[in-house]
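Next comes model36.pdb, a file with PDB, C-alpha atoms.
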```
ATOM      1  CA  MET D   1      12.752  13.064 -25.945
ATOM      2  CA  GLU D   2      10.203  15.672 -24.878
ATOM      3  CA  HIS D   3       7.916  12.887 -23.606
ATOM      4  CA  ASN D   4      10.729  11.486 -21.430
ATOM      5  CA  THR D   5      11.412  14.967 -20.055
ATOM      6  CA  ASP D   6       7.743  15.364 -19.152
ATOM      7  CA  ASN D   7       7.763  11.986 -17.371
ATOM      8  CA  VAL D   8      10.784  13.018 -15.308
ATOM      9  CA  LEU D   9       9.118  16.280 -14.297
ATOM     10  CA  ILE D  10       5.910  14.492 -13.365
ATOM     11  CA  ARG D  11       7.769  11.889 -11.311
ATOM     12  CA  GLN D  12       9.593  14.717  -9.573
ATOM     13  CA  GLU D  13       6.214  16.112  -8.488
ATOM     14  CA  TYR D  14       5.485  12.836  -6.675
ATOM     15  CA  ILE D  15       8.967  12.874  -5.166
ATOM     16  CA  SER D  16       8.475  16.462  -4.057
ATOM     17  CA  ARG D  17       5.204  15.600  -2.324
ATOM     18  CA  ILE D  18       6.722  12.648  -0.473
ATOM     19  CA  ASN D  19       9.759  14.759   0.463
ATOM     20  CA  HIS D  20       7.360  17.331   1.885
ATOM     21  CA  VAL D  21       5.640  14.644   3.962
ATOM     22  CA  GLN D  22       8.990  13.415   5.270
ATOM     23  CA  ASP D  23       9.986  16.958   6.206
ATOM     24  CA  TYR D  24       6.659  17.413   7.973
ATOM     25  CA  ILE D  25       7.162  14.165   9.916
ATOM     26  CA  GLN D  26      10.659  15.267  10.874
ATOM     27  CA  ASN D  27       9.402  18.609  12.171
ATOM     28  CA  HIS D  28       6.399  17.149  14.012
ATOM     29  CA  ILE D  29       7.852  13.860  15.224
ATOM     30  CA  ALA D  30       6.454  14.343  18.746
ATOM     31  CA  ASP D  31       2.906  14.846  17.432
ATOM     32  CA  SER D  32       0.294  12.164  16.801
ATOM     33  CA  LEU D  33       0.796  12.360  12.988
ATOM     34  CA  THR D  34      -2.520  10.935  11.800
ATOM     35  CA  LEU D  35      -3.053   9.490   8.351
ATOM     36  CA  GLU D  36      -5.622  12.193   7.607
ATOM     37  CA  GLU D  37      -3.175  14.945   8.520
ATOM     38  CA  LEU D  38      -0.335  13.551   6.420
ATOM     39  CA  ALA D  39      -2.620  12.887   3.462
ATOM     40  CA  VAL D  40      -3.538  16.586   3.462
ATOM     41  CA  VAL D  41       0.165  17.474   3.560
ATOM     42  CA  SER D  42       0.817  15.205   0.567
ATOM     43  CA  GLY D  43      -2.065  16.474  -1.536
ATOM     44  CA  PHE D  44      -3.276  12.904  -2.152
ATOM     45  CA  SER D  45      -6.514  11.372  -0.890
ATOM     46  CA  LYS D  46      -6.291   9.422   2.367
ATOM     47  CA  PHE D  47      -6.838   6.008   0.830
ATOM     48  CA  HIS D  48      -4.332   6.418  -1.990
ATOM     49  CA  PHE D  49      -1.694   8.393  -0.076
ATOM     50  CA  HIS D  50      -0.731   5.445   2.093
ATOM     51  CA  ARG D  51      -0.349   3.166  -0.955
ATOM     52  CA  ILE D  52       1.687   5.762  -2.863
ATOM     53  CA  PHE D  53       3.967   6.349   0.116
ATOM     54  CA  LYS D  54       4.630   2.632   0.593
ATOM     55  CA  SER D  55       5.126   1.969  -3.117
ATOM     56  CA  ILE D  56       7.671   4.744  -3.519
ATOM     57  CA  VAL D  57       9.477   4.531  -0.176
ATOM     58  CA  ASN D  58       9.187   0.724   0.051
ATOM     59  CA  GLU D  59       8.150   1.079   3.677
ATOM     60  CA  SER D  60       4.686   1.603   5.081
ATOM     61  CA  LEU D  61       3.883   5.011   6.522
ATOM     62  CA  TYR D  62       3.527   3.725  10.076
ATOM     63  CA  LYS D  63       6.739   1.690   9.918
ATOM     64  CA  TYR D  64       8.548   4.721   8.538
ATOM     65  CA  ILE D  65       7.336   6.986  11.362
ATOM     66  CA  ASN D  66       8.100   4.345  13.982
ATOM     67  CA  ARG D  67      11.597   3.776  12.575
ATOM     68  CA  VAL D  68      12.403   7.500  12.521
ATOM     69  CA  ARG D  69      11.241   7.833  16.117
ATOM     70  CA  ILE D  70      13.213   4.824  17.313
ATOM     71  CA  GLU D  71      16.401   5.927  15.564
ATOM     72  CA  LYS D  72      16.105   9.398  17.112
ATOM     73  CA  VAL D  73      15.631   7.835  20.542
ATOM     74  CA  ALA D  74      18.688   5.625  19.956
ATOM     75  CA  SER D  75      20.797   8.648  19.089
ATOM     76  CA  TYR D  76      19.665  10.480  22.225
ATOM     77  CA  LEU D  77      20.408   7.431  24.363
ATOM     78  CA  LEU D  78      24.047   7.722  23.353
ATOM     79  CA  HIS D  79      24.451  11.478  23.395
ATOM     80  CA  LYS D  80      22.321  12.211  26.470
ATOM     81  CA  PRO D  81      23.402   9.400  28.825
ATOM     82  CA  GLN D  82      21.939  11.062  31.929
ATOM     83  CA  LYS D  83      18.487  11.755  30.478
ATOM     84  CA  PRO D  84      15.793   9.255  31.556
ATOM     85  CA  ILE D  85      14.763   6.844  28.808
ATOM     86  CA  THR D  86      11.058   7.538  29.312
ATOM     87  CA  ASP D  87      11.618  11.276  28.846
ATOM     88  CA  ILE D  88      13.473  10.626  25.597
ATOM     89  CA  ALA D  89      10.710   8.345  24.323
ATOM     90  CA  LEU D  90       8.078  10.974  25.121
ATOM     91  CA  LYS D  91      10.144  13.640  23.384
ATOM     92  CA  PHE D  92       9.933  11.715  20.126
ATOM     93  CA  GLY D  93       6.260  10.850  20.104
ATOM     94  CA  PHE D  94       5.930   7.627  22.075
ATOM     95  CA  THR D  95       2.990   8.083  24.423
ATOM     96  CA  ASN D  96       3.132   4.652  26.025
ATOM     97  CA  SER D  97       6.299   3.338  27.668
ATOM     98  CA  SER D  98       5.420  -0.339  27.240
ATOM     99  CA  MET D  99       4.688   0.179  23.540
ATOM    100  CA  PHE D 100       8.006   1.996  23.176
ATOM    101  CA  SER D 101       9.870  -0.802  24.949
ATOM    102  CA  ARG D 102       8.376  -3.447  22.674
ATOM    103  CA  SER D 103       9.074  -1.416  19.532
ATOM    104  CA  PHE D 104      12.655  -0.631  20.495
ATOM    105  CA  LYS D 105      13.489  -4.232  21.397
ATOM    106  CA  LYS D 106      11.887  -5.538  18.216
ATOM    107  CA  PHE D 107      13.896  -3.071  16.140
ATOM    108  CA  TYR D 108      17.316  -3.389  17.840
ATOM    109  CA  GLY D 109      17.120  -6.822  19.422
ATOM    110  CA  MET D 110      17.710  -5.444  22.940
ATOM    111  CA  SER D 111      16.093  -3.094  25.395
ATOM    112  CA  ALA D 112      16.810   0.635  25.386
ATOM    113  CA  THR D 113      18.708   0.229  28.674
ATOM    114  CA  GLU D 114      20.885  -2.530  27.216
ATOM    115  CA  TYR D 115      21.461  -0.462  24.095
ATOM    116  CA  ARG D 116      22.637   2.515  26.133
ATOM    117  CA  LEU D 117      24.927   0.387  28.299
ATOM    118  CA  THR D 118      26.378  -1.381  25.267
ATOM    119  CA  TYR D 119      27.133   1.643  23.145
ATOM    120  CA  SER D 120      27.320   4.738  25.347
ATOM    121  CA  LYS D 121      30.997   4.091  26.195
ATOM    122  CA  ASN D 122      31.902   4.932  22.606
ATOM    123  CA  SER D 123      30.767   8.504  21.943
ATOM    124  CA  LYS D 124      31.662   8.176  18.255
ATOM    125  CA  VAL D 125      29.354   5.275  17.625
ATOM    126  CA  ASP D 126      26.833   5.841  14.836
ATOM    127  CA  SER D 127      23.495   4.644  16.150
ATOM    128  CA  LYS D 128      22.053   4.335  12.649
ATOM    129  CA  ASN D 129      24.777   2.081  11.303
ATOM    130  CA  SER D 130      25.840   0.236  14.466
ATOM    131  CA  LYS D 131      22.767  -1.869  15.076
ATOM    132  CA  PRO D 132      23.127  -5.111  16.972
ATOM    133  CA  ASP D 133      22.477  -8.339  15.147
ATOM    134  CA  SER D 134      19.113  -9.884  15.871
ATOM    135  CA  LYS D 135      16.933 -12.196  13.864
ATOM    136  CA  ASP D 136      14.036  -9.749  13.917
ATOM    137  CA  ARG D 137      16.270  -6.839  12.939
ATOM    138  CA  LYS D 138      17.554  -8.760   9.915
ATOM    139  CA  ASP D 139      14.079  -9.807   8.871
ATOM    140  CA  HIS D 140      12.859  -6.213   9.061
ATOM    141  CA  SER D 141      15.866  -4.473   7.560
ATOM    142  CA  VAL D 142      15.312  -0.843   6.645
ATOM    143  CA  PRO D 143      15.451   0.026   2.938
ATOM    144  CA  PRO D 144      17.855   2.663   1.617
ATOM    145  CA  SER D 145      16.914   6.129   2.819
ATOM    146  CA  TYR D 146      14.263   7.636   0.597
ATOM    147  CA  ASN D 147      16.228  10.648  -0.555
ATOM    148  CA  GLU D 148      19.189   8.454  -1.549
ATOM    149  CA  SER D 149      17.089   5.871  -3.310
ATOM    150  CA  VAL D 150      15.125   8.271  -5.483
ATOM    151  CA  SER D 151      18.217  10.168  -6.589
ATOM    152  CA  ASN D 152      18.798   7.658  -9.376
ATOM    153  CA  ASN D 153      15.192   6.412  -9.681
ATOM    154  CA  ASN D 154      16.452   2.859 -10.054
ATOM    155  CA  TRP D 155      16.147   0.918  -6.807
ATOM    156  CA  ARG D 156      12.389   0.269  -6.830
ATOM    157  CA  TYR D 157      11.699  -0.051 -10.527
ATOM    158  CA  ASN D 158      14.612  -2.329 -11.410
ATOM    159  CA  ASN D 159      13.514  -4.795  -8.738
ATOM    160  CA  MET D 160       9.956  -5.170 -10.006
ATOM    161  CA  SER D 161       9.238  -8.717 -11.128
ATOM    162  CA  VAL D 162       5.905  -7.827 -12.725
ATOM    163  CA  LYS D 163       5.430  -5.455 -15.641
ATOM    164  CA  GLY D 164       2.119  -4.302 -17.085
ATOM    165  CA  ASN D 165       0.570  -2.286 -19.857
ATOM    166  CA  VAL D 166      -1.442   0.699 -18.597
ATOM    167  CA  GLU D 167      -3.905   2.853 -20.520
ATOM    168  CA  VAL D 168      -6.237   5.657 -19.417
ATOM    169  CA  LYS D 169      -9.856   5.451 -20.545
ATOM    170  CA  VAL D 170     -13.241   6.877 -19.675
ATOM    171  CA  ILE D 171     -15.588   4.089 -18.635
ATOM    172  CA  GLU D 172     -19.350   4.131 -18.361
ATOM    173  CA  GLU D 173     -21.239   3.542 -15.132
ATOM    174  CA  MET D 174     -21.357  -0.156 -14.211
ATOM    175  CA  PRO D 175     -24.246  -1.650 -12.178
ATOM    176  CA  LEU D 176     -23.027  -4.627 -10.128
ATOM    177  CA  ILE D 177     -24.345  -7.467  -8.045
ATOM    178  CA  TYR D 178     -22.023  -8.723  -5.336
ATOM    179  CA  VAL D 179     -21.308 -11.028  -2.430
ATOM    180  CA  ARG D 180     -19.107  -9.654   0.333
ATOM    181  CA  HIS D 181     -16.495 -11.084   2.651
ATOM    182  CA  MET D 182     -15.162  -9.412   5.790
ATOM    183  CA  GLY D 183     -11.784 -10.572   6.986
ATOM    184  CA  PRO D 184      -8.340 -11.456   5.593
ATOM    185  CA  TYR D 185      -8.172 -12.021   1.855
ATOM    186  CA  LYS D 186      -4.458 -12.353   1.071
ATOM    187  CA  ASN D 187      -3.524 -15.901   0.042
ATOM    188  CA  ASN D 188      -7.093 -16.984   0.711
ATOM    189  CA  ALA D 189      -7.919 -18.841  -2.508
ATOM    190  CA  THR D 190     -10.683 -20.834  -0.828
ATOM    191  CA  MET D 191     -12.530 -17.646   0.102
ATOM    192  CA  TYR D 192     -12.422 -16.386  -3.493
ATOM    193  CA  GLN D 193     -13.640 -19.712  -4.882
ATOM    194  CA  GLN D 194     -16.538 -19.844  -2.441
ATOM    195  CA  LEU D 195     -17.639 -16.276  -3.145
ATOM    196  CA  ILE D 196     -17.355 -16.670  -6.915
ATOM    197  CA  GLY D 197     -19.242 -19.972  -6.771
ATOM    198  CA  LYS D 198     -22.041 -18.451  -4.722
ATOM    199  CA  LEU D 199     -22.383 -15.387  -6.951
ATOM    200  CA  MET D 200     -22.251 -17.356 -10.205
ATOM    201  CA  THR D 201     -24.813 -19.896  -8.986
ATOM    202  CA  TRP D 202     -27.226 -17.077  -8.109
ATOM    203  CA  ALA D 203     -26.583 -15.283 -11.406
ATOM    204  CA  GLN D 204     -26.796 -18.372 -13.612
ATOM    205  CA  VAL D 205     -30.352 -19.311 -12.648
ATOM    206  CA  ARG D 206     -31.363 -15.740 -13.540
ATOM    207  CA  GLY D 207     -29.745 -15.818 -16.957
ATOM    208  CA  LEU D 208     -26.975 -13.349 -16.081
ATOM    209  CA  VAL D 209     -24.019 -15.592 -16.972
ATOM    210  CA  ASN D 210     -22.695 -15.435 -20.530
ATOM    211  CA  GLU D 211     -19.465 -15.220 -22.553
ATOM    212  CA  ASP D 212     -19.242 -11.445 -22.227
ATOM    213  CA  MET D 213     -19.804 -11.264 -18.476
ATOM    214  CA  MET D 214     -17.449  -9.088 -16.431
ATOM    215  CA  LEU D 215     -16.342 -10.560 -13.099
ATOM    216  CA  LEU D 216     -14.428  -8.324 -10.709
ATOM    217  CA  ALA D 217     -13.273  -7.833  -7.123
ATOM    218  CA  ILE D 218     -13.394  -4.602  -5.128
ATOM    219  CA  TYR D 219     -11.147  -4.134  -2.094
ATOM    220  CA  HIS D 220     -12.903  -1.498  -0.026
ATOM    221  CA  ASP D 221     -10.150  -1.088   2.571
ATOM    222  CA  ASN D 222      -6.423  -0.518   2.398
ATOM    223  CA  PRO D 223      -4.722  -3.632   3.869
ATOM    224  CA  ASP D 224      -1.907  -1.460   5.243
ATOM    225  CA  ILE D 225      -4.391   0.577   7.264
ATOM    226  CA  THR D 226      -7.407  -1.572   8.139
ATOM    227  CA  GLU D 227      -7.069  -4.541  10.481
ATOM    228  CA  GLU D 228      -7.375  -7.874   8.667
ATOM    229  CA  GLU D 229     -10.574  -8.847  10.471
ATOM    230  CA  LYS D 230     -12.277  -5.660   9.220
ATOM    231  CA  GLN D 231     -11.152  -5.717   5.583
ATOM    232  CA  ARG D 232     -14.057  -5.879   3.117
ATOM    233  CA  THR D 233     -13.875  -7.656  -0.245
ATOM    234  CA  SER D 234     -16.729  -7.738  -2.757
ATOM    235  CA  ILE D 235     -16.842 -10.230  -5.627
ATOM    236  CA  CYS D 236     -19.001  -8.622  -8.296
ATOM    237  CA  LEU D 237     -20.656  -9.217 -11.650
ATOM    238  CA  VAL D 238     -21.709  -6.455 -14.047
ATOM    239  CA  VAL D 239     -25.455  -6.785 -14.711
ATOM    240  CA  PRO D 240     -28.304  -4.887 -16.383
ATOM    241  CA  GLU D 241     -29.391  -1.855 -14.393
ATOM    242  CA  ASP D 242     -32.855  -3.237 -13.660
ATOM    243  CA  THR D 243     -31.548  -6.438 -12.034
ATOM    244  CA  GLU D 244     -33.251  -7.097  -8.699
ATOM    245  CA  VAL D 245     -31.412  -8.735  -5.814
ATOM    246  CA  ASP D 246     -32.415 -10.690  -2.732
ATOM    247  CA  GLY D 247     -30.909 -12.331   0.318
ATOM    248  CA  ASP D 248     -27.234 -11.563   0.846
ATOM    249  CA  ILE D 249     -26.686 -10.702  -2.812
ATOM    250  CA  GLY D 250     -26.168  -6.939  -2.882
ATOM    251  CA  LYS D 251     -26.221  -4.329  -5.607
ATOM    252  CA  MET D 252     -24.039  -1.257  -6.143
ATOM    253  CA  THR D 253     -22.626   0.869  -8.934
ATOM    254  CA  ILE D 254     -19.129   1.689 -10.159
ATOM    255  CA  ALA D 255     -19.167   5.373 -11.108
ATOM    256  CA  SER D 256     -18.366   6.477 -14.633
ATOM    257  CA  GLY D 257     -15.179   8.450 -15.116
ATOM    258  CA  LYS D 258     -11.542   8.330 -16.114
ATOM    259  CA  TYR D 259      -9.649   5.218 -15.061
ATOM    260  CA  ALA D 260      -6.110   3.957 -15.416
ATOM    261  CA  ILE D 261      -6.388   0.328 -16.526
ATOM    262  CA  GLY D 262      -3.379  -1.931 -16.088
ATOM    263  CA  HIS D 263      -3.313  -5.160 -18.108
ATOM    264  CA  PHE D 264      -1.357  -8.040 -16.549
ATOM    265  CA  GLU D 265      -0.561 -11.701 -17.134
ATOM    266  CA  ILE D 266       0.623 -13.012 -13.777
ATOM    267  CA  ASP D 267       0.941 -15.962 -11.443
ATOM    268  CA  ALA D 268      -1.481 -16.294  -8.549
ATOM    269  CA  SER D 269       1.218 -15.036  -6.164
ATOM    270  CA  GLU D 270       1.914 -11.830  -8.116
ATOM    271  CA  TYR D 271      -1.226  -9.744  -7.556
ATOM    272  CA  GLY D 272       0.524  -7.562  -4.996
ATOM    273  CA  GLU D 273       3.375  -6.851  -7.407
ATOM    274  CA  ALA D 274       0.885  -5.927 -10.118
ATOM    275  CA  TRP D 275      -0.675  -3.328  -7.820
ATOM    276  CA  ASN D 276       2.812  -2.095  -6.905
ATOM    277  CA  TYR D 277       3.614  -1.658 -10.591
ATOM    278  CA  VAL D 278       0.606   0.621 -11.057
ATOM    279  CA  TYR D 279       1.370   2.704  -7.957
ATOM    280  CA  ALA D 280       5.161   2.816  -8.024
ATOM    281  CA  GLU D 281       6.137   2.482 -11.678
ATOM    282  CA  TRP D 282       3.316   3.847 -13.807
ATOM    283  CA  LEU D 283       1.558   6.426 -11.636
ATOM    284  CA  PRO D 284       4.464   8.760 -10.710
ATOM    285  CA  GLY D 285       5.323   9.342 -14.379
ATOM    286  CA  SER D 286       1.809   9.373 -15.770
ATOM    287  CA  GLY D 287       0.668  12.941 -15.193
ATOM    288  CA  TYR D 288      -2.237  11.598 -13.105
ATOM    289  CA  GLN D 289      -3.019  11.089  -9.454
ATOM    290  CA  PRO D 290      -5.627   8.771  -7.896
ATOM    291  CA  ASN D 291      -9.168  10.097  -7.796
ATOM    292  CA  ASP D 292     -11.865   9.254  -5.272
ATOM    293  CA  GLY D 293     -13.713   6.058  -6.088
ATOM    294  CA  GLU D 294     -13.273   2.309  -6.012
ATOM    295  CA  CYS D 295     -10.187   0.504  -7.274
ATOM    296  CA  PHE D 296     -10.898  -2.978  -8.525
ATOM    297  CA  GLU D 297      -9.619  -6.045 -10.398
ATOM    298  CA  VAL D 298     -11.328  -7.498 -13.467
ATOM    299  CA  TYR D 299     -10.694 -11.183 -14.171
ATOM    300  CA  ARG D 300     -10.401 -11.946 -17.866
ATOM    301  CA  ASN D 301      -9.790 -15.697 -17.906
ATOM    302  CA  ASP D 302     -10.017 -18.968 -16.042
ATOM    303  CA  PRO D 303      -6.378 -19.650 -15.054
ATOM    304  CA  ASN D 304      -7.036 -23.403 -15.225
ATOM    305  CA  THR D 305      -7.475 -23.102 -18.999
ATOM    306  CA  HIS D 306      -4.229 -21.173 -19.493
ATOM    307  CA  PRO D 307      -1.269 -23.357 -20.614
ATOM    308  CA  GLU D 308       0.906 -21.836 -17.859
ATOM    309  CA  LYS D 309      -1.954 -21.331 -15.376
ATOM    310  CA  LYS D 310      -1.495 -17.570 -15.714
ATOM    311  CA  HIS D 311      -4.085 -15.074 -14.499
ATOM    312  CA  LEU D 312      -5.160 -12.419 -16.996
ATOM    313  CA  VAL D 313      -6.275  -9.492 -14.855
ATOM    314  CA  ASP D 314      -6.972  -5.797 -15.348
ATOM    315  CA  ILE D 315      -6.465  -3.368 -12.473
ATOM    316  CA  TYR D 316      -8.695  -0.284 -12.526
ATOM    317  CA  MET D 317      -7.814   2.911 -10.657
ATOM    318  CA  PRO D 318      -9.876   6.134 -10.896
ATOM    319  CA  VAL D 319      -7.559   9.007 -11.816
ATOM    320  CA  LYS D 320      -7.510  12.760 -12.351
ATOM    321  CA  PRO D 321      -4.828  15.143 -13.662
ATOM    322  CA  LEU D 322      -1.929  15.786 -11.291
TER     323      LEU D 322
END
```
For the file at hand, write its structure as structure tokens.
Amino acid sequence: MEHNTDNVLIRQEYISRINHVQDYIQNHIADSLTLEELAVVSGFSKFHFHRIFKSIVNESLYKYINRVRIEKVASYLLHKPQKPITDIALKFGFTNSSMFSRSFKKFYGMSATEYRLTYSKNSKVDSKNSKPDSKDRKDHSVPPSYNESVSNNNWRYNNMSVKGNVEVKVIEEMPLIYVRHMGPYKNNATMYQQLIGKLMTWAQVRGLVNEDMMLLAIYHDNPDITEEEKQRTSICLVVPEDTEVDGDIGKMTIASGKYAIGHFEIDASEYGEAWNYVYAEWLPGSGYQPNDGECFEVYRNDPNTHPEKKHLVDIYMPVKPL
């Protein structure tokens, strides 16, 4: 019982930090609101803050800010019918009128002018709940408001299709050789096969391939922040420290330290959900927060040899006490 109480208190610390970020956004909605600034407000590192925010709120940071701005503009359109639309957009942080126009139309399915003309006749209309039907609006429906959804702590966790087993361990420093890809990696099985094939061919002729080898992937950039064309992925193999490299085979080191290690048995399409489980289910109740350092996946089987073609994968996240 005491353990459950501790988990609730720890999860509340995460909730408190995200609440604080939301309050800050609300009070500074006209400002630029950079990732660096909001990460400092949250108390999490820049890289991990964005992932934590999205996992808990179920909406990326930038989509959340954009939605809040657009909904505030929509409200003003109805309650300040004489105020110029551009002035309202500027008031709530849009610095470019064409960008605002595109965002508003994508969100509501009509221009700001059409929205005002359609709804301003009814002063009691609720701009948040009276959104016109549009295909894009339906496809990008907003999740329940954060403060409502976390009140029962059920909405995100009950919907998770992937569950894992997470332990915290201290690992030793790991020297790696790697091949690197720059560009999109989601749903790019061919890219993974080519990189693994290239690395294993190089390693095999040097006697580095054996039953106990440790093959892993490092994602150096957050896909919710970095443009797809600039995302870096390294396919790596743990090797003896004195291994020499050549050509486009690189060498780096995973630092020793405390890591949360999530063990999963998943389908090829469920890697994203496995990461979400670590960030949204395990982390907020763990008593830990992400530490600086690389997150990575370790591949523990060849899915083709599994009777159900399942992937056995471990997800490593460097952590420190909350």
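Among the candidates D:Asn187, D:Gln12, D:Ser32, D:Ser256, the residue lying nearest to Thr95 of chain D is D:Ser32 (atoms considered: all atoms listed in the file).
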So what does the PyMOL selection byres ((chain D and resi 255) around 7) actually pick up in this one, as a VMD selection string? chain D and resid 173 to 174 253 to 254 256 to 257
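Ranking D:Ala274, D:Leu33, D:Leu215, D:Val8 by their shortest atom-to-atom distance to Gly164 of chain D, with all atoms listed in the file included, puts D:Ala274 first.
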Taking the file above as input, evaluate the PyMOL selection byres ((chain D and resi 183) around 7) and report the hits as a list of chain:residue names. D:His181, D:Met182, D:Pro184, D:Tyr185, D:Glu228, D:Glu229, D:Lys230, D:Gln231, D:Arg232
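For the atom pair formed by atom CA of Val162 of chain D and atom CA of Ile52 of chain D, the distance is 17.3 Å, given to one decimal.
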Shell around Asn165 of chain D at 8 Å using only C-alpha atoms, local window under 4 positions removed, as a PyMOL selection string: chain D and resi 262-264
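Of the residues under consideration (D:Lys163, D:His311, D:His48, D:Lys258), D:His48 shows the shortest atom-to-atom contact distance to Pro290 of chain D when counting all atoms listed in the file.
Proximity ranking of D:Thr34, D:Asn66, D:Thr233, D:Thr190 relative to Ser103 of chain D places D:Asn66 first, based on all atoms listed in the file.
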Give me the residues near Phe92 of chain D as a PyMOL selection string, where near means some atom within 10 Å (using all atoms listed in the file) and where sequence neighbours in that chain fewer than 2 positions away do not count. chain D and resi 26+28-31+66+68-73+87-90+94-95
Would you put the residues from that selection into a file with C-alpha atoms, as a JSON list (two decimals), keeping the file's coordinate frame?
```json
[["chain", "number", "residue", "atom", "x", "y", "z"],
["D", 26, "GLN", "CA", 10.66, 15.27, 10.87],
["D", 28, "HIS", "CA", 6.40, 17.15, 14.01],
["D", 29, "ILE", "CA", 7.85, 13.86, 15.22],
["D", 30, "ALA", "CA", 6.45, 14.34, 18.75],
["D", 31, "ASP", "CA", 2.91, 14.85, 17.43],
["D", 66, "ASN", "CA", 8.10, 4.34, 13.98],
["D", 68, "VAL", "CA", 12.40, 7.50, 12.52],
["D", 69, "ARG", "CA", 11.24, 7.83, 16.12],
["D", 70, "ILE", "CA", 13.21, 4.82, 17.31],
["D", 71, "GLU", "CA", 16.40, 5.93, 15.56],
["D", 72, "LYS", "CA", 16.10, 9.40, 17.11],
["D", 73, "VAL", "CA", 15.63, 7.84, 20.54],
["D", 87, "ASP", "CA", 11.62, 11.28, 28.85],
["D", 88, "ILE", "CA", 13.47, 10.63, 25.60],
["D", 89, "ALA", "CA", 10.71, 8.35, 24.32],
["D", 90, "LEU", "CA", 8.08, 10.97, 25.12],
["D", 94, "PHE", "CA", 5.93, 7.63, 22.08],
["D", 95, "THR", "CA", 2.99, 8.08, 24.42]]
```
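Here atom CA of Thr226 of chain D is placed at a distance of 11.9 Å from atom CA of Leu35 of chain D.
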Just say which residues the PyMOL selection byres ((chain D and resi 206-211) around 12) picks in this file, as a PyMOL selection string. chain D and resi 176-177+199-205+212-215+237-246+300-301
Keeping C-alpha atoms, export the residues of the selection given above as a tab-separated table (two decimals), keeping the file's coordinate frame.
```
chain	number	residue	atom	x	y	z
D	176	LEU	CA	-23.03	-4.63	-10.13
D	177	ILE	CA	-24.34	-7.47	-8.04
D	199	LEU	CA	-22.38	-15.39	-6.95
D	200	MET	CA	-22.25	-17.36	-10.20
D	201	THR	CA	-24.81	-19.90	-8.99
D	202	TRP	CA	-27.23	-17.08	-8.11
D	203	ALA	CA	-26.58	-15.28	-11.41
D	204	GLN	CA	-26.80	-18.37	-13.61
D	205	VAL	CA	-30.35	-19.31	-12.65
D	212	ASP	CA	-19.24	-11.44	-22.23
D	213	MET	CA	-19.80	-11.26	-18.48
D	214	MET	CA	-17.45	-9.09	-16.43
D	215	LEU	CA	-16.34	-10.56	-13.10
D	237	LEU	CA	-20.66	-9.22	-11.65
D	238	VAL	CA	-21.71	-6.46	-14.05
D	239	VAL	CA	-25.46	-6.78	-14.71
D	240	PRO	CA	-28.30	-4.89	-16.38
D	241	GLU	CA	-29.39	-1.86	-14.39
D	242	ASP	CA	-32.85	-3.24	-13.66
D	243	THR	CA	-31.55	-6.44	-12.03
D	244	GLU	CA	-33.25	-7.10	-8.70
D	245	VAL	CA	-31.41	-8.74	-5.81
D	246	ASP	CA	-32.42	-10.69	-2.73
D	300	ARG	CA	-10.40	-11.95	-17.87
D	301	ASN	CA	-9.79	-15.70	-17.91
```
Ranking D:Ile85, D:Val57, D:Met160, D:Ala39 by minimum distance to Asn276 of chain D and counting all atoms listed in the file, which one comes first? D:Met160
Rounded to one decimal place, report the atom CA of Ile15 of chain D-atom CA of Gly93 of chain D distance in Å. 25.5 Å
What's around Ser269 of chain D at 12 Å? Count only C-alpha atoms, leave out sequence neighbours fewer than 2 positions away in its own chain, and write the answer as JSON, numbers by chain. {"D": [161, 162, 186, 187, 188, 189, 265, 266, 267, 271, 272, 273, 274, 275, 309, 310, 311]}
Taking all atoms listed in the file into account, name the residue in D:Trp282, D:Tyr299, D:Phe100, D:Tyr62 that is nearest to Thr86 of chain D. D:Phe100
